[in-house]
Each structure stands twice: as structure tokens, then as C-alpha cells.
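Participant: Mind having a look at this structure? Questions to follow.
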Amino acid sequence: MKHDLRNPLNHIRTTGVNGLMRTEKIRRCSKCVLPEHTPNIVFDEEGICNYCHTYRKFEYKGEAELLRLLDSQRKADGEYDCIVTLSGGRDSSYVLLKLVKDYDMRVLAVNYRNPFTHTQAEKNIENAIKSLNVDIVRFKLKNNVHERTFRKNVLAWFRRPSPALIPMMCIACKNIWWNILNIAKKHKIRCIVSGGNPLEYSSFKRELLHVSRDENVELAFIKTFYGLLQEVFKNPAYFDPSCIPTMVKGYLFGDPNAIGSRLVGHKITRLDLFHFIKWDEQEVLSRIETELDWDYPREFGSTWRFDCEVDFLKNFMYLKTLKLTEKDGFYAKLVREGLITRRDALSRLQKENKVFFDEMQSVLRKVGIEDITFLAKQGSITKHLHT
Ligand SMILES: [Zn+2]
């Protein structure tokens with residue numbers, strides 16, 4: 001059947017992803033790669049941005065300190081020494097490998113069965129567990145709470161698109177620490193290790209919520225949450241009674257420093273491997289690929305963040321509202337840390353900042369949103385040419 005080209009959705013179907021993209025020259029920081037659309041960005045006379053000027057390199061706590069903390073958790077009786085949270089993505093897989101093989105910890109892997117997990121991430125979890133011969137506990141959130149809140153928040157977002165509220169789609173994921181802390185208690189485990197990468201925290205997202213990009217980590221979560229609430233008040237579509245408990249729990253357990261986490265997780269040590277040892281992309285990838293048979297879907301051109309399919313939608317929303325994605329922020333930091341060159345970052349962004357329409361459609365279908373004409377009404381998305 002011939003599509004009616006006057007219907008914008010059919011236009012996308014006919015022209016594919018490129019139908020959504022248009023090309024525009026944009027200015028980027030001459031030192032990192034942050035584009036001119038970054039919230040609160042200012043360039044000096046040499047074209048260097050204010051994010052670069054105030055940036056302080058991350059200070060790692062060191063492997064000796066990590067080993068001291070891990071040694072204090074080792075048990076003699078064959079019980080689990082610690083939990084490792086596993087998503088099937090590259091960093092959490094590496095953490096599991098490192099803890100089991102290099103640090104000889106007796107690990108219980110814990111996985112949240114996210115309804116939007118990519119099939120390749122599922123395979124990676126199975127392969128990792130088998131290769132390392134570790135036990136795993138997998139859990140779901142009750143009553144399809146993740147799907148329900150995601151559906152409502154996505155629909156609310158498209159009524160009044162705001163970049164500050166994009167993280168609201170993932171509010172259910174801020175609930176899972178309650179479950180993880182309780183699994184730890186049940187197994188008498190006092191230590192949880194994760195793969196949180198300090199370089200991944202997008203500074204521009206904080207700026208959107210009026211929290212300084214240089215804010216101290218402990219205060220940042222609370223301030224970010226209040227910023228999010230202020231934004232939510234501007235869009236009444238977010239006020240759905242069935243979503244409020246998820247928001248409250250997200251506030252209580254969304255971060256190790258949140259009040260609920262501190263109460264329930266009293267006496268439980270939470271560690272992020274990459275706060276102690278340097279995150280080295282090559283080392284992470286080469287070891288998990290060879291030792292765990294880890295892989296990623298090649299069609300997206302990136303090993304980062306494919307494990308949750310909601311990311312495809314998130315990228316679309318950021319491109320739509322800010323003409324950038326979280327990758328701009330992440331690669332800019334890698335440049336400042338000296339981990340990749342500016343040229344590398346530019347070529348990655350050119351390749352990876354794309355709209356994956358079929359994947360977005362499939363995520364929306366999972367929550368029963370079949371009519372996606374609203375996506376097509378969003379207009380074109382800017383594809384950047386670098387200056
Ligand atoms: Zn810069």
C-alpha cells in the first residue's frame with residue numbers, strides 16, 4: 001500500500017531514520033566537544049567552554065583502599081562476601097569479573113529484571129554467570145509498576161516536552177535499591193558493589209534542574225530531586241495518583257545517600273568500583289569480550305547503554321529538546337580526562353547520535369502505546385555537522 005506522504009508518520013516510515021534528521025552546523029567547545037545548546041554554556045574568546053574552565057579531574061580512591069574495604073567483608077564460612085549488581089551492560093559485567101577473578105570475592109550477583117532489557121544484555125548476563133560460576137538472584141517490581149509509570153510519564157512528557165523531565169521516565173528504576181538492600185539483608189551480606197561510573201554523571205542534566213554541576217555528590221541527589229519536583233508541578237499531566245508512590249519511593253531509595261537507603265541499608269557498605277580504580281574503556285571491553293563472551297548489538301555503533309531500550313527514546317527526547325544527548329556530556333568528560341581525543345569524540349557523536357525509530361516504536365508498544373503519530377509530530381531532529 002502506498003503511504004500518504006502528508007501524514008508525517010508515513011513520511012518517517014517511507015524515508016526511514018533520515019526522514020527525522022536534518023543537518024545543521026553547530027558550534028562546539030574547542031577543548032571538549034560540548035555544543036552551543038548545552039544548558040548554561042558560555043564560551044571564552046578562545047572558544048573554550050565554562051564547563052571546561054571549572055572542571056576538576058576525578059580523584060580515584062585507589063585500589064589499596066578498595067582492597068582494604070573488600071578484605072574487611074571476606075567471610076570464612078563460605079557465605080557470600082558481597083553482592084554485585086548486574087545489568088548485562090559493559091561496566092557491571094566488568095565489575096563482576098573483577099570481583100570474582102581478580103579479588104577472589106565470593107559474589108552473589110543480583111539482577112533487576114527490567115522490562116526493557118535488550119536481548120543481548122540478557123545473553124550477557126547468562127554468559128557471565130556461567131563463565132564465572134556465580135549464583136544469581138533476579139527480581140521484578142510488583143504489579144507492572146515499571147511499565148505503568150513509564151507509560152504515564154511518557155505520555156505526560158509528550159504533552160509538554162521538557163528536557164529537565166526526561167529522567168522521570170526512569171523513576172521506577174530509582175525504586176530497585178529497596179529490593180537490593182533487602183536481598184542483602186536476607187543473605188546477611190554487608191557489602192554491595194556496582195559499576196557506577198563517575199564520568200557518566202551528566203553535568204548538563206543538573207544544570208537543567210538548577211543544581212550546580214560542581215555540587216557535592218551527597219547534596220546533589222536531594223537537590224536534583226527537588227528540582228525535578230518543581231518541574232513536575234509545571235505539567236499537571238504528571239499528577240497521576242498511581243504514580244505518586246513510585247515517586248516517593250524513588251525519592252527515598254534513588255541514591256545511596258537518600259534517607260530510605262541510609263535507614264534500610266544501615267551497616268551495608270556500598271561501593272562503586274570505578275570510584276577506586278580508573279575506568280579504562282579498552283581494558284573493560286577487551287576483558288569482558290574475551291573472558292565472559294560479552295557482546296553488543298553492532299547496529300547502534302556503541303557499547304554504551306544499549307542494555308535498557310528506554311535509552312533510544314531518551315536520546316530522541318534530548319535531541320528533540322536540546323539538540324544533544326547524554327553522549328555529548330560523557331564524551332566531553334572523557335576528552336577532559338585525557339581518555340579519548342577530541343577528534344575521537346566528534347567521530348563517535350557523528351556516528352552514535354541518531355534516532356532509532358523502530359527501537360523507539362518497540363519500547364512504546366511494550367507498554368501498549370500503539371498509536372505513535374505523536375512522535376512524528378515532534379518535527380525534525382537536528383543532525384550535527386561539527387565546526
Ligand atoms: Zn569545553
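Simple scheme: letters A, B, ... for chains in C-alpha cells order, numbers from 1 for residues in each chain, numbers from 1 for ligands in the order shown.
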Around ligand 1, out to 12 Å and counting only C-alpha atoms and all ligand atoms, which residues are there? I want them as a count of residues only.
Facilitator: 38
Participant: Distance table requested - segment 171-212 of chain A against segment 144-159 of chain A, cut-off 9 Å, only C-alpha atoms: one row per qualifying residue with the closest atom pair and its distance in Å to one decimal, ordered by chain and rising residue number, as a tab-separated table.
Facilitator:
```
residue	atom	partner	partner_atom	distance
A:Ile171	CA	A:Thr149	CA	7.7
A:Ala172	CA	A:His146	CA	5.1
A:Cys173	CA	A:His146	CA	7.5
```
Participant: Need to verify the contact set: Lys130 of chain A, 12 Å, only C-alpha atoms, exclusion of same-chain residues closer than 5 positions in sequence. Can you return it as a PyMOL selection string?
Facilitator: chain A and resi 96-97+109+123-125+135-136+291-294
Participant: Quick one: everything within 12 Å of Thr290 of chain A, counting only C-alpha atoms, minus sequence neighbours fewer than 3 positions away in the same chain. Send it as a list of chain:residue names.
Facilitator: A:Tyr94, A:Leu97, A:Asn127, A:Ala128, A:Ser131, A:Glu283, A:Val284, A:Leu285, A:Ser286, A:Arg287, A:Asp293, A:Trp294, A:Asp295
Participant: Would you write out those residues with C-alpha atoms, as an mmCIF file, in the first residue's frame?
Facilitator:
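Writing the result to again.cif gives the following:
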```cif
data_model
loop_
_atom_site.group_PDB
_atom_site.id
_atom_site.type_symbol
_atom_site.label_atom_id
_atom_site.label_comp_id
_atom_site.auth_asym_id
_atom_site.auth_seq_id
_atom_site.Cartn_x
_atom_site.Cartn_y
_atom_site.Cartn_z
ATOM 1 C CA TYR A 94 33.408 -5.969 34.243
ATOM 2 C CA LEU A 97 34.599 -10.282 36.517
ATOM 3 C CA ASN A 127 27.185 -15.890 29.804
ATOM 4 C CA ALA A 128 28.767 -14.010 32.701
ATOM 5 C CA SER A 131 31.692 -18.307 32.867
ATOM 6 C CA GLU A 283 40.574 -2.799 29.342
ATOM 7 C CA VAL A 284 36.873 -3.167 30.232
ATOM 8 C CA LEU A 285 35.866 -4.224 26.730
ATOM 9 C CA SER A 286 38.785 -6.500 25.940
ATOM 10 C CA ARG A 287 38.457 -8.423 29.190
ATOM 11 C CA ASP A 293 31.876 -13.809 25.833
ATOM 12 C CA TRP A 294 30.230 -10.390 26.218
ATOM 13 C CA ASP A 295 28.808 -8.687 23.128
#
```
Participant: What is the distance, in Å and to one decimal place, between atom CA of Leu209 of chain A and atom CA of Tyr251 of chain A?
Facilitator: 15.3 Å
Participant: So how many Å separate atom CA of Leu132 of chain A and atom CA of Tyr296 of chain A, to one decimal?
Facilitator: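 Value for the atom CA of Leu132 of chain A-atom CA of Tyr296 of chain A distance: 19.3 Å.
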Participant: Using DSSP assignments from the backbone, pull out every residue in segment 26-159 of chain A that falls under strand (DSSP E) and give it to me as a short mmCIF file (atom, residue, chain, number, x, y, z; two decimals) with C-alpha atoms, in the first residue's frame.
Facilitator:
```cif
data_model
loop_
_atom_site.label_atom_id
_atom_site.label_comp_id
_atom_site.auth_asym_id
_atom_site.auth_seq_id
_atom_site.Cartn_x
_atom_site.Cartn_y
_atom_site.Cartn_z
CA ILE A 26 26.75 23.92 15.30
CA CYS A 82 29.27 -9.28 48.67
CA ILE A 83 26.60 -8.55 46.09
CA VAL A 84 27.40 -7.29 42.59
CA THR A 85 24.53 -5.59 40.75
CA VAL A 107 29.87 -12.95 44.99
CA LEU A 108 26.08 -13.14 44.75
CA ALA A 109 25.02 -11.42 41.51
CA VAL A 110 21.73 -9.51 41.70
CA ASN A 111 19.79 -8.50 38.61
CA TYR A 112 16.70 -6.38 38.28
CA ASP A 135 24.88 -17.57 41.88
CA ILE A 136 22.32 -15.01 40.84
CA VAL A 137 19.09 -13.60 42.31
CA ARG A 138 16.78 -11.92 39.81
CA PHE A 139 13.78 -9.84 40.85
#
```
Participant: Report the distance between atom CA of Pro236 of chain A and atom CA of Gly260 of chain A in Å, rounded to one decimal place.
Facilitator: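 Computing the Euclidean distance for atom CA of Pro236 of chain A and atom CA of Gly260 of chain A yields 26.9 Å.
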Participant: Counting only C-alpha atoms, figure out which residue out of A:Asn197, A:Ser212, A:Ser261, A:Asn353 gets nearest to Lys314 of chain A.
Facilitator: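 Checking each candidate against Lys314 of chain A, we get A:Asn353 as the closest.
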Participant: Please provide the set of residues having any atom within 10 Å of Leu364 of chain A, restricted to only C-alpha atoms, with same-chain residues fewer than 4 positions apart removed, written as a PyMOL selection string.
Facilitator: chain A and resi 147+150-151+154+310+313+358-360+368-372
Participant: Determine which residues of segment 127-337 of chain A receive a DSSP assignment of alpha helix (DSSP H), computed from the backbone, and state them as a PyMOL selection string.
Facilitator: chain A and resi 127-132+145-159+176-186+203-208+217-232+244-253+259-264+281-292+310-322+326-336
Participant: Which residues, written as a PyMOL selection string, have at least one atom at most 12 Å from Ala220 of chain A, with only C-alpha atoms counted and residues fewer than 6 positions away on the same chain left out?
Facilitator: chain A and resi 201+203+205-207+209-214+226-228+254-258
Participant: Please identify all polymer residues within 9 Å of Arg305 of chain A, counting only C-alpha atoms, omitting same-chain residues fewer than 6 positions from it, and present them as a list in words.
Facilitator: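 My reading of the contact set: Gly89, Arg90 and Asp311 of chain A.
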Participant: Which residue gives the smallest distance to Ala184 of chain A among A:Leu67, A:Leu375, A:Ala164, A:Val264, with only C-alpha atoms counted?
Facilitator: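 Among A:Leu67, A:Leu375, A:Ala164, A:Val264, it is A:Val264 that comes nearest to Ala184 of chain A.
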Participant: Given only C-alpha atoms as the basis, pick out the residue of A:Lys267, A:Lys140, A:Lys25, A:His275 nearest to Val193 of chain A.
Facilitator: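 Using only C-alpha atoms, the shortest distance to Val193 of chain A belongs to A:His275.
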Participant: Go through A:Lys323, A:Ala64, A:Leu263, A:Leu165 one by one, measure the shortest atom-to-atom distance of each to Phe233 of chain A using only C-alpha atoms, and give the residue with the smallest value.
Facilitator: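 Looking only at the distances to Phe233 of chain A, the closest residue turns out to be A:Leu165.
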